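Structure file target-v1.cif (mmCIF, C-alpha atoms) is printed below.
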```cif
data_final
loop_
_atom_site.label_atom_id
_atom_site.label_comp_id
_atom_site.auth_asym_id
_atom_site.auth_seq_id
_atom_site.Cartn_x
_atom_site.Cartn_y
_atom_site.Cartn_z
CA MET A 1 -17.61 -12.82 7.55
CA ALA A 2 -20.05 -13.59 4.72
CA THR A 3 -19.04 -13.76 1.10
CA LYS A 4 -20.10 -10.59 -0.71
CA SER A 5 -20.89 -9.77 -4.29
CA MET A 6 -19.12 -6.79 -5.85
CA GLY A 7 -20.55 -3.52 -4.54
CA ASP A 8 -22.86 -5.16 -2.08
CA ILE A 9 -22.08 -4.34 1.56
CA GLU A 10 -24.39 -5.98 4.08
CA LYS A 11 -24.14 -6.10 7.84
CA ILE A 12 -21.07 -8.02 8.87
CA LYS A 13 -20.59 -9.90 12.10
CA LYS A 14 -17.12 -8.47 12.72
CA LYS A 15 -16.49 -4.75 12.25
CA LEU A 16 -13.70 -4.07 9.80
CA ASN A 17 -10.74 -2.62 11.70
CA VAL A 18 -8.82 -0.03 9.68
CA LEU A 19 -5.68 2.01 10.32
CA ILE A 20 -5.54 5.28 8.38
CA VAL A 21 -2.02 6.65 8.01
CA ASP A 22 -1.94 10.23 6.69
CA ASP A 23 -0.43 13.55 7.76
CA ASP A 24 -3.25 15.61 6.23
CA PRO A 25 -6.12 16.32 8.68
CA LEU A 26 -8.48 16.81 5.72
CA ASN A 27 -7.76 13.34 4.35
CA LEU A 28 -7.99 11.80 7.83
CA ILE A 29 -11.48 13.17 8.47
CA ILE A 30 -12.75 12.12 5.03
CA HIS A 31 -11.21 8.66 5.09
CA GLU A 32 -12.48 8.02 8.64
CA LYS A 33 -15.98 8.91 7.49
CA ILE A 34 -15.75 6.65 4.45
CA ILE A 35 -14.72 3.72 6.66
CA GLU A 36 -17.56 4.49 9.07
CA ALA A 37 -20.02 4.71 6.16
CA ILE A 38 -19.11 1.22 4.97
CA GLY A 39 -19.45 -0.26 8.46
CA GLY A 40 -15.86 -0.24 9.69
CA ILE A 41 -14.04 1.29 12.64
CA SER A 42 -10.82 3.21 12.24
CA GLN A 43 -7.77 4.43 14.10
CA THR A 44 -5.48 7.10 12.72
CA ALA A 45 -1.74 7.72 12.59
CA ASN A 46 -0.37 11.10 11.54
CA ASN A 47 2.72 9.70 9.88
CA GLY A 48 4.49 6.45 9.13
CA GLU A 49 6.52 6.46 12.33
CA GLU A 50 3.32 6.55 14.41
CA ALA A 51 2.00 3.62 12.39
CA VAL A 52 5.12 1.60 13.17
CA ILE A 53 4.89 2.49 16.88
CA ILE A 54 1.21 1.46 16.99
CA HIS A 55 2.17 -1.97 15.68
CA ARG A 56 5.27 -2.32 17.82
CA ASP A 57 3.77 -1.19 21.15
CA GLY A 58 0.13 -2.18 20.97
CA GLY A 59 0.44 -5.46 19.13
CA SER A 60 -2.48 -4.08 17.12
CA SER A 61 -4.07 -6.03 14.36
CA PHE A 62 -5.85 -4.31 11.50
CA ASP A 63 -7.80 -5.79 8.62
CA LEU A 64 -6.83 -2.90 6.39
CA ILE A 65 -4.24 -0.14 6.43
CA LEU A 66 -4.74 2.92 4.23
CA MET A 67 -1.25 4.30 3.68
CA ASP A 68 -0.58 7.78 2.34
CA LYS A 69 2.62 8.04 0.35
CA GLU A 70 4.03 11.47 1.19
CA MET A 71 4.40 11.99 4.94
CA PRO A 72 6.97 13.59 7.24
CA GLU A 73 9.10 11.52 9.66
CA ARG A 74 8.57 8.30 7.68
CA ASP A 75 6.91 8.16 4.29
CA GLY A 76 4.51 5.54 2.98
CA VAL A 77 7.12 3.52 1.11
CA SER A 78 9.42 3.23 4.11
CA THR A 79 6.51 2.51 6.46
CA THR A 80 5.14 -0.25 4.28
CA LYS A 81 8.57 -1.91 4.05
CA LYS A 82 8.99 -1.67 7.81
CA LEU A 83 5.56 -3.12 8.56
CA ARG A 84 6.19 -6.06 6.24
CA GLU A 85 9.57 -6.63 7.95
CA MET A 86 7.60 -6.70 11.21
CA GLU A 87 5.46 -9.41 9.57
CA VAL A 88 2.32 -7.33 9.55
CA LYS A 89 -0.20 -9.32 7.52
CA SER A 90 -2.87 -6.64 7.08
CA MET A 91 -4.00 -5.62 3.60
CA ILE A 92 -2.04 -2.43 2.97
CA VAL A 93 -3.50 -0.09 0.37
CA GLY A 94 -1.35 2.78 -0.82
CA VAL A 95 -3.06 6.11 -1.42
CA THR A 96 -1.30 8.12 -4.07
CA SER A 97 -1.62 11.54 -5.57
CA LEU A 98 -2.69 11.98 -9.17
CA ALA A 99 0.67 13.60 -9.79
CA ASP A 100 2.60 10.45 -8.87
CA ASN A 101 4.14 8.85 -11.92
CA GLU A 102 4.21 5.16 -12.82
CA GLU A 103 7.71 4.66 -11.43
CA GLU A 104 6.72 6.14 -8.06
CA ARG A 105 3.63 3.94 -7.91
CA ARG A 106 5.64 0.85 -8.79
CA ALA A 107 8.17 1.59 -6.03
CA PHE A 108 5.30 1.98 -3.58
CA MET A 109 3.76 -1.34 -4.66
CA GLU A 110 7.13 -3.09 -4.42
CA ALA A 111 7.46 -1.91 -0.82
CA GLY A 112 4.77 -4.45 0.03
CA LEU A 113 1.38 -2.99 -0.84
CA ASN A 114 -1.56 -5.17 -1.76
CA HIS A 115 -3.18 -2.40 -3.82
CA CYS A 116 -2.76 1.22 -4.76
CA LEU A 117 -5.55 3.78 -5.09
CA ALA A 118 -5.37 7.33 -6.36
CA LYS A 119 -6.85 10.20 -4.37
CA PRO A 120 -9.51 11.24 -3.83
CA LEU A 121 -10.80 8.12 -2.09
CA THR A 122 -14.46 7.27 -2.41
CA LYS A 123 -16.72 4.49 -1.10
CA ASP A 124 -16.81 3.01 -4.60
CA LYS A 125 -13.02 2.67 -4.66
CA ILE A 126 -12.81 1.06 -1.21
CA ILE A 127 -15.78 -1.34 -1.36
CA PRO A 128 -14.26 -3.81 -3.90
CA LEU A 129 -11.20 -4.14 -1.63
CA ILE A 130 -13.40 -4.78 1.40
CA ASN A 131 -15.22 -7.47 -0.59
CA GLN A 132 -11.87 -9.02 -1.39
CA LEU A 133 -10.94 -9.02 2.30
CA MET A 134 -14.22 -10.64 3.20
CA ASP A 135 -13.83 -13.32 0.57
CA ALA A 136 -10.31 -14.18 1.69
CA MET B 1 -45.76 21.66 2.62
CA ASP B 2 -45.44 25.35 3.38
CA SER B 3 -45.02 27.25 0.11
CA LEU B 4 -42.03 29.23 1.41
CA ALA B 5 -40.14 26.00 2.22
CA ALA B 6 -41.06 24.56 -1.17
CA GLN B 7 -39.90 27.71 -2.92
CA LEU B 8 -36.62 27.73 -1.00
CA GLN B 9 -36.08 24.06 -1.81
CA MET B 10 -36.52 24.76 -5.53
CA GLN B 11 -34.13 27.71 -5.38
CA TYR B 12 -31.65 25.56 -3.47
CA ARG B 13 -31.79 22.79 -6.09
CA ASN B 14 -31.20 25.29 -8.88
CA TYR B 15 -28.36 26.89 -6.96
CA ILE B 16 -26.59 23.60 -6.34
CA LEU B 17 -27.02 22.56 -9.98
CA SER B 18 -25.52 25.86 -11.09
CA LEU B 19 -22.44 25.27 -8.93
CA TYR B 20 -21.81 22.01 -10.76
CA GLN B 21 -22.72 23.38 -14.19
CA GLN B 22 -20.41 26.35 -13.78
CA GLY B 23 -17.58 24.03 -12.80
CA PHE B 24 -17.15 25.08 -9.19
CA LEU B 25 -17.84 21.57 -7.89
CA ASP B 26 -17.44 18.02 -9.12
CA ASP B 27 -18.46 14.47 -8.12
CA GLN B 28 -16.17 14.44 -5.09
CA PHE B 29 -18.39 17.08 -3.47
CA THR B 30 -21.34 14.76 -4.07
CA GLU B 31 -19.36 12.03 -2.31
CA LEU B 32 -18.79 14.31 0.70
CA LYS B 33 -22.50 15.16 0.87
CA SER B 34 -23.32 11.44 0.77
CA LEU B 35 -21.10 10.86 3.82
CA GLN B 36 -23.02 13.40 5.94
CA ASP B 37 -25.67 11.82 8.14
CA ASP B 38 -27.74 12.50 11.26
CA GLY B 39 -24.81 11.40 13.39
CA SER B 40 -22.51 14.00 11.80
CA PRO B 41 -24.78 16.78 10.48
CA ASP B 42 -21.88 19.24 10.18
CA PHE B 43 -19.49 16.90 8.39
CA VAL B 44 -19.41 18.84 5.11
CA ALA B 45 -19.01 22.17 6.92
CA GLU B 46 -16.16 20.71 8.97
CA VAL B 47 -14.37 19.37 5.92
CA LEU B 48 -14.77 22.63 4.03
CA SER B 49 -13.49 24.60 7.02
CA LEU B 50 -10.30 22.50 6.96
CA PHE B 51 -10.02 22.97 3.21
CA PHE B 52 -10.31 26.76 3.36
CA ASP B 53 -7.79 26.85 6.22
CA ASP B 54 -5.48 24.89 3.90
CA CYS B 55 -6.09 27.43 1.14
CA VAL B 56 -5.10 30.35 3.36
CA LYS B 57 -1.96 28.58 4.58
CA LEU B 58 -0.83 27.25 1.21
CA VAL B 59 -1.56 30.43 -0.78
CA GLY B 60 0.47 32.26 1.88
CA ASN B 61 3.33 29.78 1.43
CA MET B 62 3.23 30.19 -2.34
CA ALA B 63 3.20 34.01 -2.08
CA ARG B 64 6.19 33.99 0.28
CA ALA B 65 8.10 31.57 -1.93
CA LEU B 66 7.47 33.73 -4.99
CA ASP B 67 8.35 36.90 -3.12
CA GLN B 68 11.93 35.90 -2.41
CA THR B 69 14.59 38.33 -3.52
CA GLY B 70 17.10 36.59 -5.68
CA THR B 71 16.33 33.13 -7.07
CA VAL B 72 12.84 31.77 -6.54
CA ASP B 73 12.73 28.15 -5.35
CA PHE B 74 10.08 26.86 -7.77
CA SER B 75 10.16 23.41 -6.17
CA GLN B 76 9.06 25.02 -2.90
CA VAL B 77 6.20 26.80 -4.69
CA GLY B 78 5.36 23.55 -6.48
CA ALA B 79 5.20 21.61 -3.21
CA SER B 80 2.49 23.95 -1.88
CA VAL B 81 0.65 23.83 -5.21
CA HIS B 82 0.75 20.03 -5.08
CA GLN B 83 -0.77 20.02 -1.59
CA LEU B 84 -3.52 22.43 -2.62
CA LYS B 85 -4.27 20.35 -5.68
CA ASP B 86 -4.72 17.27 -3.50
CA SER B 87 -6.88 19.15 -0.99
CA SER B 88 -9.09 20.66 -3.67
CA SER B 89 -9.44 17.26 -5.30
CA SER B 90 -10.53 15.76 -1.96
CA VAL B 91 -13.42 18.22 -1.54
CA GLY B 92 -14.52 18.49 -5.16
CA ALA B 93 -13.29 22.06 -5.68
CA LYS B 94 -13.02 21.58 -9.43
CA ARG B 95 -11.90 25.05 -10.55
CA VAL B 96 -9.30 25.36 -7.80
CA LYS B 97 -7.95 21.92 -8.73
CA GLY B 98 -7.79 22.89 -12.40
CA LEU B 99 -5.85 26.04 -11.61
CA CYS B 100 -3.41 24.06 -9.48
CA ILE B 101 -2.70 21.72 -12.40
CA THR B 102 -1.83 24.73 -14.56
CA PHE B 103 0.15 26.28 -11.72
CA LYS B 104 2.21 23.09 -11.29
CA GLU B 105 3.16 23.19 -14.96
CA LEU B 106 4.22 26.83 -14.64
CA CYS B 107 6.39 25.95 -11.63
CA GLU B 108 8.04 23.15 -13.57
CA ALA B 109 8.70 25.59 -16.43
CA LYS B 110 10.05 28.11 -13.87
CA ASN B 111 7.72 30.72 -15.41
CA TYR B 112 7.78 33.45 -12.76
CA GLU B 113 5.22 35.82 -14.30
CA GLY B 114 2.92 32.91 -15.07
CA CYS B 115 3.19 31.68 -11.49
CA VAL B 116 2.39 35.12 -10.06
CA ARG B 117 -0.68 35.43 -12.30
CA CYS B 118 -1.82 31.92 -11.45
CA LEU B 119 -1.42 32.58 -7.74
CA GLN B 120 -3.71 35.60 -8.06
CA GLN B 121 -6.28 33.44 -9.86
CA VAL B 122 -6.08 30.72 -7.21
CA ASP B 123 -6.60 33.33 -4.50
CA ILE B 124 -9.67 34.72 -6.25
CA GLU B 125 -11.04 31.29 -7.08
CA TYR B 126 -10.95 29.77 -3.60
CA LYS B 127 -12.48 32.92 -2.09
CA THR B 128 -15.23 32.86 -4.71
CA LEU B 129 -15.94 29.21 -3.93
CA LYS B 130 -15.99 29.96 -0.22
CA ALA B 131 -18.58 32.71 -0.72
CA LYS B 132 -20.73 30.44 -2.87
CA LEU B 133 -20.62 27.62 -0.34
CA LEU B 134 -21.48 30.01 2.49
CA ASP B 135 -24.56 30.96 0.44
CA MET B 136 -25.35 27.26 0.10
CA PHE B 137 -25.23 26.79 3.89
CA MET B 138 -27.39 29.90 4.32
CA PHE B 139 -29.97 28.40 1.95
CA GLU B 140 -29.97 25.18 3.98
CA LYS B 141 -30.52 27.11 7.19
CA GLN B 142 -33.42 29.04 5.65
CA ILE B 143 -35.06 25.83 4.42
CA VAL B 144 -34.87 24.27 7.89
CA GLN B 145 -36.16 27.46 9.53
CA ALA B 146 -39.10 27.44 7.09
CA GLY B 147 -39.95 23.92 8.25
CA GLY B 148 -38.63 22.09 5.21
CA ILE B 149 -35.93 19.45 4.77
CA ILE B 150 -32.79 19.98 2.73
CA PRO B 151 -33.39 18.21 -0.58
CA GLN B 152 -30.98 15.74 -2.15
CA VAL B 153 -29.97 17.21 -5.49
CA ASP B 154 -29.48 14.82 -8.39
CA ILE B 155 -26.76 16.36 -10.52
CA ASN B 156 -26.99 13.78 -13.31
#
```
Give the structure from the file, written as structure tokens.
Amino acid sequence: MATKSMGDIEKIKKKLNVLIVDDDPLNLIIHEKIIEAIGGISQTANNGEEAVIIHRDGGSSFDLILMDKEMPERDGVSTTKKLREMEVKSMIVGVTSLADNEEERRAFMEAGLNHCLAKPLTKDKIIPLINQLMDA
Amino acid sequence: MDSLAAQLQMQYRNYILSLYQQGFLDDQFTELKSLQDDGSPDFVAEVLSLFFDDCVKLVGNMARALDQTGTVDFSQVGASVHQLKDSSSSVGAKRVKGLCITFKELCEAKNYEGCVRCLQQVDIEYKTLKAKLLDMFMFEKQIVQAGGIIPQVDIN
């Protein structure tokens, strides 16, 4: 992948592969579209347990995982910890609600996130992280 | 360009601007519009349909939680308010989001009368927004039928 300047997305040779983990259909459809708009491809998981199963069964490899915090079955904190225990190396970005306090965000980060973003997600919030991935 | 299409386009621009100026919509709605393309021409409509389904479900949950005889579980009400706040934030429904912020505070204060009043306002507000956005889609249809293209509206 080429090195990018901040905010400058050009055609990339390899499509960014993203896993979107969220129980809210509204968020899933929006986040999928954002990833598509910036030139990536995405797969979705409706909760943390599905995300763990995807990694365990499929041996899948993602460049980026967008992880919602509040989910049934297995929440974002627990899922992130589990994926890091499974030695998943993907960039994991937590997606938090505006109502989450500093302590909750810190706990989420400490679970193994690379970054945390507050909803609602936009292209402008995601692009700097993509640039970082490309520069790595 | 046909004068009818041009006239409709101008009315459409003014209508969209008014939705932002009156606080119904914010920048997140602009973001949604920017994601719509030829490959997904109904993207915004699809997203809004999910949002309004959420509104019906969550307002119903809040009403049932507040209608309990005996002690009201304000944390249960608050959980639905939190979800609606997130949903409204995701689509740019500014007034609905603002009401949810107030509603959350009332839940935390266990203010029953305040919560009931706020629920009524939320109900009115999302239905008002729905009607206004239906008008917006109607405008778009009329523009296309008149042979015009739907203009991009610069809200800044």
Starting from the shown file, work through the PyMOL selection byres ((chain A) within 7 of (chain B)) and note down what comes out as a PDB file with C-alpha atoms, keeping the file's coordinate frame.
```pdb
ATOM      1  CA  LEU A  26      -8.480  16.810   5.720  1.00  0.00           C
ATOM      2  CA  LYS A  33     -15.980   8.910   7.490  1.00  0.00           C
ATOM      3  CA  ILE A  34     -15.750   6.650   4.450  1.00  0.00           C
ATOM      4  CA  ALA A  37     -20.020   4.710   6.160  1.00  0.00           C
ATOM      5  CA  SER A  97      -1.620  11.540  -5.570  1.00  0.00           C
ATOM      6  CA  PRO A 120      -9.510  11.240  -3.830  1.00  0.00           C
ATOM      7  CA  THR A 122     -14.460   7.270  -2.410  1.00  0.00           C
TER       8      THR A 122
END
```
- request: Within 8 Å of region 119-128 of chain B, counting only C-alpha atoms, which residues show up once you throw out same-chain ones fewer than 3 positions away? Write them as a list in words, please.
  value: Phe52, Cys55, Val59, Met62, Ala63, Arg95, Val96, Leu99, Cys100, Phe103, Cys115, Val116, Ala131 and Lys132 of chain B
Now that the selection is made, can you save its residues with C-alpha atoms as an mmCIF file, keeping the file's coordinate frame?
```
data_model
loop_
_atom_site.group_PDB
_atom_site.id
_atom_site.type_symbol
_atom_site.label_atom_id
_atom_site.label_comp_id
_atom_site.auth_asym_id
_atom_site.auth_seq_id
_atom_site.Cartn_x
_atom_site.Cartn_y
_atom_site.Cartn_z
ATOM 1 C CA PHE B 52 -10.310 26.760 3.360
ATOM 2 C CA CYS B 55 -6.090 27.430 1.140
ATOM 3 C CA VAL B 59 -1.560 30.430 -0.780
ATOM 4 C CA MET B 62 3.230 30.190 -2.340
ATOM 5 C CA ALA B 63 3.200 34.010 -2.080
ATOM 6 C CA ARG B 95 -11.900 25.050 -10.550
ATOM 7 C CA VAL B 96 -9.300 25.360 -7.800
ATOM 8 C CA LEU B 99 -5.850 26.040 -11.610
ATOM 9 C CA CYS B 100 -3.410 24.060 -9.480
ATOM 10 C CA PHE B 103 0.150 26.280 -11.720
ATOM 11 C CA CYS B 115 3.190 31.680 -11.490
ATOM 12 C CA VAL B 116 2.390 35.120 -10.060
ATOM 13 C CA ALA B 131 -18.580 32.710 -0.720
ATOM 14 C CA LYS B 132 -20.730 30.440 -2.870
#
```
field: All residues 8 Å or closer to region 39-55 of chain A, only C-alpha atoms, same chain fewer than 2 positions away omitted, as a PyMOL selection string
entry: chain A and resi 11-12+15-24+28+32+35-37+57-61+71-76+78-79+82-83
- prompt: CA of Gly94 (chain A) to CA of His31 (chain A): how many Å, to one decimal?
  reply: 12.9 Å
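Note that the spacing between CA of Glu70 (chain A) and CA of Leu106 (chain B) amounts to 22.1 Å.
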message: Please expand the PyMOL selection byres ((chain A and resi 108-110) around 12) into the concrete residues it hits in this file, giving the result as a ChimeraX atom specification.
response: /A:67-70,75-81,84,92-97,100-107,111-117
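Comparing B:Arg117, B:Lys97, B:Lys110, B:Lys33 by their smallest distance to Thr71 (chain B), the closest is B:Lys110 (using all atoms listed in the file).
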Return the padded bounding box of region 135-138 of chain B as lines of an AutoDock Vina configuration file: axis-aligned, built from all atoms listed in the file, 6 Å added on each side, with centre and edge lengths in Å to one decimal.
```
center_x = -26.0
center_y = 28.9
center_z = 2.2
size_x = 14.8
size_y = 16.2
size_z = 16.2
```
field: Contacts of Val144 (chain B) within 12 Å, only C-alpha atoms, excl. fewer than 2 positions in-chain, as a PyMOL selection string
entry: chain B and resi 2+4-6+8-9+12+137-142+146-151
field: Straight-line distance linking CA of Asp53 (chain B) with CA of Glu113 (chain B), stated in Å to one decimal
entry: 25.9 Å
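In this comparison, which uses all atoms listed in the file, the residue of B:Gln22, B:Asn61, B:Thr102, B:Gln152 approaching Asp73 (chain B) most closely is B:Asn61.
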As a compact mmCIF listing (two decimals), keeping the file's coordinate frame, please: region 73-84 of chain B completed to all heavy atoms.
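And here's part_18.txt as it stands now:
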```
# COMPACT_ATOMS: atom_id res chain seq x y z
N ASP B 73 12.66 29.62 -5.42
CA ASP B 73 12.73 28.15 -5.35
C ASP B 73 11.39 27.62 -5.87
O ASP B 73 10.42 27.50 -5.11
CB ASP B 73 12.99 27.71 -3.91
CG ASP B 73 13.17 26.21 -3.80
OD1 ASP B 73 12.87 25.49 -4.77
OD2 ASP B 73 13.60 25.75 -2.72
N PHE B 74 11.35 27.30 -7.17
CA PHE B 74 10.08 26.86 -7.77
C PHE B 74 9.63 25.50 -7.22
O PHE B 74 8.45 25.19 -7.25
CB PHE B 74 10.20 26.82 -9.30
CG PHE B 74 10.17 28.18 -9.92
CD1 PHE B 74 11.34 28.83 -10.28
CD2 PHE B 74 8.96 28.82 -10.15
CE1 PHE B 74 11.32 30.09 -10.85
CE2 PHE B 74 8.93 30.09 -10.73
CZ PHE B 74 10.11 30.73 -11.08
N SER B 75 10.57 24.70 -6.73
CA SER B 75 10.16 23.41 -6.17
C SER B 75 9.39 23.63 -4.86
O SER B 75 8.47 22.87 -4.53
CB SER B 75 11.36 22.50 -5.95
OG SER B 75 12.22 23.06 -4.97
N GLN B 76 9.76 24.69 -4.15
CA GLN B 76 9.06 25.02 -2.90
C GLN B 76 7.63 25.49 -3.22
O GLN B 76 6.67 25.10 -2.56
CB GLN B 76 9.82 26.14 -2.18
CG GLN B 76 9.43 26.33 -0.74
CD GLN B 76 10.17 27.48 -0.08
OE1 GLN B 76 11.09 28.05 -0.67
NE2 GLN B 76 9.76 27.86 1.10
N VAL B 77 7.53 26.34 -4.26
CA VAL B 77 6.20 26.80 -4.69
C VAL B 77 5.39 25.59 -5.13
O VAL B 77 4.23 25.40 -4.73
CB VAL B 77 6.31 27.79 -5.88
CG1 VAL B 77 4.93 28.29 -6.28
CG2 VAL B 77 7.22 28.96 -5.53
N GLY B 78 6.03 24.73 -5.94
CA GLY B 78 5.36 23.55 -6.48
C GLY B 78 4.86 22.61 -5.40
O GLY B 78 3.80 22.00 -5.55
N ALA B 79 5.61 22.50 -4.31
CA ALA B 79 5.20 21.61 -3.21
C ALA B 79 3.88 22.08 -2.60
O ALA B 79 2.99 21.28 -2.31
CB ALA B 79 6.29 21.55 -2.15
N SER B 80 3.75 23.40 -2.42
CA SER B 80 2.49 23.95 -1.88
C SER B 80 1.36 23.81 -2.88
O SER B 80 0.21 23.52 -2.51
CB SER B 80 2.66 25.42 -1.51
OG SER B 80 3.51 25.55 -0.40
N VAL B 81 1.67 23.98 -4.17
CA VAL B 81 0.65 23.83 -5.21
C VAL B 81 0.15 22.38 -5.23
O VAL B 81 -1.05 22.12 -5.32
CB VAL B 81 1.21 24.22 -6.59
CG1 VAL B 81 0.21 23.90 -7.70
CG2 VAL B 81 1.57 25.69 -6.64
N HIS B 82 1.09 21.45 -5.09
CA HIS B 82 0.75 20.03 -5.08
C HIS B 82 -0.21 19.71 -3.93
O HIS B 82 -1.21 19.01 -4.10
CB HIS B 82 2.04 19.23 -4.95
CG HIS B 82 1.84 17.75 -4.87
ND1 HIS B 82 1.74 16.94 -5.99
CD2 HIS B 82 1.70 16.93 -3.81
CE1 HIS B 82 1.57 15.69 -5.61
NE2 HIS B 82 1.54 15.65 -4.29
N GLN B 83 0.09 20.25 -2.76
CA GLN B 83 -0.77 20.02 -1.59
C GLN B 83 -2.16 20.60 -1.82
O GLN B 83 -3.17 19.96 -1.49
CB GLN B 83 -0.17 20.67 -0.34
CG GLN B 83 0.96 19.89 0.28
CD GLN B 83 1.40 20.53 1.59
OE1 GLN B 83 0.62 20.62 2.54
NE2 GLN B 83 2.62 20.98 1.65
N LEU B 84 -2.22 21.80 -2.40
CA LEU B 84 -3.52 22.43 -2.62
C LEU B 84 -4.31 21.67 -3.68
O LEU B 84 -5.53 21.53 -3.58
CB LEU B 84 -3.35 23.90 -3.02
CG LEU B 84 -4.66 24.68 -3.19
CD1 LEU B 84 -5.47 24.66 -1.89
CD2 LEU B 84 -4.39 26.13 -3.60
```
